[in-house]
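What follows is one structure encoded as structure tokens, with my remarks underneath.
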Amino acid sequence: MTQHKPSTRLIHTRGSRLEPSSVNPPIERASTVLFPDPGTLYTHKPGYGRMGLTVHRELEAALATLEHAEHVRLTMNGLAACALAIGSVLDVGDHALIQDSLYGPTRRFCERRLKAMGITVTRFPTRIDASTLMALVQPNTKALVLESPGSLTFDLPDTQMMVGIAAERGLVTIADNTWGAGLYHKPLDLGVDISVQALTKYAVGHADAFGGAVMTRRQDLASRIVACSEDWGIALGPEEAYAALRGLRTLDARLTRHQANGLALAEWLATRPEVARVIHPARPDHPDHALWKRDFTGACGLFGAVLNPVPEDRLNDMLSAVKLFGLGFSWGGYESLIIPCDAQLNRTFTPEPQLEGPLLRIHAGLEAIEDLQADLAQAFARLT
Ligand SMILES: *Cc1c(COP(=O)(O)O)cnc(C)c1O
């Protein structure tokens with residue numbers, strides 16, 4: 001089946017069927033699994049609902065297909081997937097290098113939880129060169145955590161350069177691949193050891209469930225991830241696993257529209273006098289556009305826009321005037337969203353180039369592009 005295109009493979013992940021069966025797997029609501037005899041009680045896997053049942057196995061198979069992974073571990077949300085991946089590869093006394101523009105709660109996990117576990121952490125700026133990064137590697141450095149593009153500022157790390165340094169210095173590389181959704185970016189193909197996704201975003205795709213996944217090709221890392229996941233009791237509920245699996249079937253079709261709407265909105269915003277700069281990696285004016293072209297095959301619907309300086313009450317008037325764009329966290333659903341994000345930047349390194357005014361994060365949903373543009377246009381009238 002490997003000759004098929006990704007959209008086809010995501011739909012046909014089930015093997016051939018010997019018995020008549022439904023298109024989709026059953027949702028087994030189970031803690032207890034019953035066995036026919038004492039002999040199978042301790043030998044049959046899965047032996048308990050927490051290990052996942054049919055729908056989980058099918059979701060794992062679909063994600064392995066999507067990310068070119070061999071081992072997939074499911075978690076109850078994206079943050080738990082990041083924490084599991086990072087927590088599995090580090091022990092007391094170790095040191096980790098983390099990208100400054102990591103998803104905020106992941107950074108907090110590293111700087112609060114890892115520190116409490118006796119693991120030290122150093123942030124590095126996303127746009128770092130090889131020798132500067134090399135100088136940050138300590139004898140006890142074990143992991144390098146990256147996210148492409150980084151949250152809120154959409155700056156891209158040079159993943160290939162980092163993978164090279166990690167290989168040379170024996171570091172495990174972990175990449176948060178939520179933005180590329182597995183379809184437009186394949187970290188494992190670039191030599192990254194562990195890819196992580198918040199399935200909550202585009203896999204689920206309808207803002208109605210949480211999920212996360214940790215994916216790798218390395219058996220040694222997979223064993224550590226499984227052990228850590230078992231010890232922490234990490235698991236995904238069957239309804240949520242079903243929602244993520246169902247979403248994956250239409251991921252390609254939805255992302256095509258998210259991408260087109262996102263690019264069209266970015267193009268329109270770039271012409272507006274209220275906007276200082278659009279931050280969209282697929283646009284040639286993005287500082288890391290060359291890296292995006294090298295490492296990605298597409299863009300999702302999430303990007304940034306920097307406004308020209310404007311008083312806060314004007315900004316709030318504008319945000320109160322949007323009707324189609326929701327004001328809310330998360331993204332990846334069918335609906336458009338907009339949030340001001342300066343309050344959650346919390347960076348060690350000043351974003352480059354410096355932000356001219358307020359930073360907005362926009363998620364282009366699946367609505368008609370004309371309606372989205374008209375909505376922003378009427379709201380932007382409140383800025384002046
Ligand atoms: C949303 C998000 C997460 C966390 O996912 P949840 O399911 O909300 O916990 C992790 N990483 C990135 C890049 C995200 O955008």
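Residue names in the structure tokens use chain letters A, B, ... in the order shown, residue numbers from 1 in each chain, and ligand numbers from 1 in the order shown.
Summary of the local environment: counting only C-alpha atoms, residues at most 10 Å from Ile369 in chain A, other than itself and those fewer than 2 positions away along its chain, are Arg257, Ala260, Asn261, Gly262, Ala264, Leu265, Ala364, Gly365, Leu366, Glu367, Asp371, Leu372, Gln373, Ala374 and Asp375 of chain A.
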Just want the residues within 9 Å of ligand 1, written as number ranges by chain, counting only C-alpha atoms and all ligand atoms. A: 76-82, 102-106, 147-151, 176-179, 196-201, 209-212, 329-332
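Using only C-alpha atoms for every distance, the candidate list A:Glu370, A:Asp317, A:Glu239, A:Glu335 yields A:Glu370 as the residue closest to Trp268 in chain A.
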Please provide the set of residues having any atom within 12 Å of Ser320 in chain A, restricted to only C-alpha atoms, with same-chain residues fewer than 4 positions apart removed, written as a PyMOL selection string. chain A and resi 313-316+324-327+338-340+375-376+378-383
Would you export the selected residues with C-alpha atoms as a PDB file, in the first residue's frame, please?
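Below is the file result.pdb, written as the result:
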```
ATOM      1  CA  ASP A 313      -9.177  49.603  24.287  1.00  0.00           C
ATOM      2  CA  ARG A 314      -9.214  49.943  20.479  1.00  0.00           C
ATOM      3  CA  LEU A 315      -7.810  46.447  20.129  1.00  0.00           C
ATOM      4  CA  ASN A 316     -10.471  45.140  22.510  1.00  0.00           C
ATOM      5  CA  LEU A 324     -17.400  34.751  12.754  1.00  0.00           C
ATOM      6  CA  PHE A 325     -14.044  34.469  14.516  1.00  0.00           C
ATOM      7  CA  GLY A 326     -14.354  33.026  17.988  1.00  0.00           C
ATOM      8  CA  LEU A 327     -12.257  34.345  20.888  1.00  0.00           C
ATOM      9  CA  ILE A 338      -8.635  34.935  16.828  1.00  0.00           C
ATOM     10  CA  ILE A 339      -6.735  35.768  20.028  1.00  0.00           C
ATOM     11  CA  PRO A 340      -4.318  38.465  21.181  1.00  0.00           C
ATOM     12  CA  ASP A 375     -15.913  39.955   9.136  1.00  0.00           C
ATOM     13  CA  LEU A 376     -12.344  41.068   9.818  1.00  0.00           C
ATOM     14  CA  GLN A 378     -15.821  45.378   9.618  1.00  0.00           C
ATOM     15  CA  ALA A 379     -14.022  44.660  12.904  1.00  0.00           C
ATOM     16  CA  PHE A 380     -10.819  46.404  11.753  1.00  0.00           C
ATOM     17  CA  ALA A 381     -12.848  49.585  11.262  1.00  0.00           C
ATOM     18  CA  ARG A 382     -12.836  49.783  15.089  1.00  0.00           C
ATOM     19  CA  LEU A 383      -9.048  50.063  15.188  1.00  0.00           C
TER      20      LEU A 383
END
```
DSSP alpha helix (DSSP H) residues within range 101-157 of chain A, as a PDB file with N, CA and C atoms, in the first residue's frame:
```pdb
ATOM      1  N   GLY A 104       3.593  26.919  25.404  1.00  0.00           N
ATOM      2  CA  GLY A 104       3.821  27.393  26.765  1.00  0.00           C
ATOM      3  C   GLY A 104       3.712  26.340  27.863  1.00  0.00           C
ATOM      4  N   PRO A 105       2.619  25.573  27.905  1.00  0.00           N
ATOM      5  CA  PRO A 105       2.499  24.567  28.961  1.00  0.00           C
ATOM      6  C   PRO A 105       3.577  23.475  28.894  1.00  0.00           C
ATOM      7  N   THR A 106       4.128  23.189  27.715  1.00  0.00           N
ATOM      8  CA  THR A 106       5.229  22.226  27.617  1.00  0.00           C
ATOM      9  C   THR A 106       6.489  22.821  28.253  1.00  0.00           C
ATOM     10  N   ARG A 107       6.709  24.109  27.959  1.00  0.00           N
ATOM     11  CA  ARG A 107       7.850  24.809  28.564  1.00  0.00           C
ATOM     12  C   ARG A 107       7.702  24.813  30.079  1.00  0.00           C
ATOM     13  N   ARG A 108       6.476  25.058  30.529  1.00  0.00           N
ATOM     14  CA  ARG A 108       6.225  25.062  31.979  1.00  0.00           C
ATOM     15  C   ARG A 108       6.485  23.677  32.578  1.00  0.00           C
ATOM     16  N   LYS A 115      12.375  20.243  36.665  1.00  0.00           N
ATOM     17  CA  LYS A 115      13.276  20.775  37.705  1.00  0.00           C
ATOM     18  C   LYS A 115      12.999  20.097  39.034  1.00  0.00           C
ATOM     19  N   ALA A 116      11.716  19.893  39.349  1.00  0.00           N
ATOM     20  CA  ALA A 116      11.354  19.231  40.603  1.00  0.00           C
ATOM     21  C   ALA A 116      11.853  17.788  40.625  1.00  0.00           C
ATOM     22  N   ALA A 130      24.556  26.600  14.489  1.00  0.00           N
ATOM     23  CA  ALA A 130      25.092  25.317  14.961  1.00  0.00           C
ATOM     24  C   ALA A 130      26.122  25.496  16.077  1.00  0.00           C
ATOM     25  N   SER A 131      27.029  26.459  15.934  1.00  0.00           N
ATOM     26  CA  SER A 131      28.095  26.555  16.937  1.00  0.00           C
ATOM     27  C   SER A 131      27.545  27.051  18.273  1.00  0.00           C
ATOM     28  N   THR A 132      26.561  27.968  18.231  1.00  0.00           N
ATOM     29  CA  THR A 132      25.967  28.456  19.488  1.00  0.00           C
ATOM     30  C   THR A 132      25.214  27.322  20.186  1.00  0.00           C
ATOM     31  N   LEU A 133      24.513  26.524  19.393  1.00  0.00           N
ATOM     32  CA  LEU A 133      23.771  25.408  19.988  1.00  0.00           C
ATOM     33  C   LEU A 133      24.744  24.385  20.576  1.00  0.00           C
ATOM     34  N   MET A 134      25.784  24.098  19.814  1.00  0.00           N
ATOM     35  CA  MET A 134      26.804  23.146  20.247  1.00  0.00           C
ATOM     36  C   MET A 134      27.387  23.568  21.596  1.00  0.00           C
ATOM     37  N   ALA A 135      27.588  24.885  21.772  1.00  0.00           N
ATOM     38  CA  ALA A 135      28.182  25.396  23.014  1.00  0.00           C
ATOM     39  C   ALA A 135      27.260  25.214  24.214  1.00  0.00           C
ATOM     40  N   LEU A 136      25.949  25.013  23.945  1.00  0.00           N
ATOM     41  CA  LEU A 136      25.002  24.837  25.052  1.00  0.00           C
ATOM     42  C   LEU A 136      24.914  23.383  25.512  1.00  0.00           C
TER      43      LEU A 136
END
```
Using only C-alpha atoms, which residue out of A:Arg169, A:Arg361, A:Arg283, A:Arg73 lies closest to Pro139 in chain A? A:Arg169
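Comparing A:Pro6, A:Lys323, A:Leu221, A:Asp158 by their smallest distance to Val89 in chain A, the closest is A:Leu221 (using only C-alpha atoms).
Among the candidates A:Arg113, A:Lys45, A:Arg123, A:Arg272, the residue lying nearest to Ala143 in chain A is A:Arg123 (atoms considered: only C-alpha atoms).
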Report, in Å with one decimal, the straight-line distance from CA of Arg294 in chain A to CA of Tyr184 in chain A. 11.4 Å
Identify, on the basis of only C-alpha atoms, every residue whose closest approach to Val72 in chain A does not exceed 7 Å; exclude the query and any residue fewer than 6 positions from it along the same chain; express the result as JSON, numbers by chain. {"A": [60, 64, 213, 214, 215, 216]}
Could the residues in this selection be saved with C-alpha atoms as a compact mmCIF listing (two decimals), in the first residue's frame?
```txt
# COMPACT_ATOMS: atom_id res chain seq x y z
CA GLU A 60 -2.30 3.79 16.42
CA ALA A 64 1.91 5.19 12.31
CA ALA A 213 0.20 10.81 20.52
CA VAL A 214 3.90 10.03 20.92
CA MET A 215 5.52 8.40 17.89
CA THR A 216 8.93 6.92 17.17
```
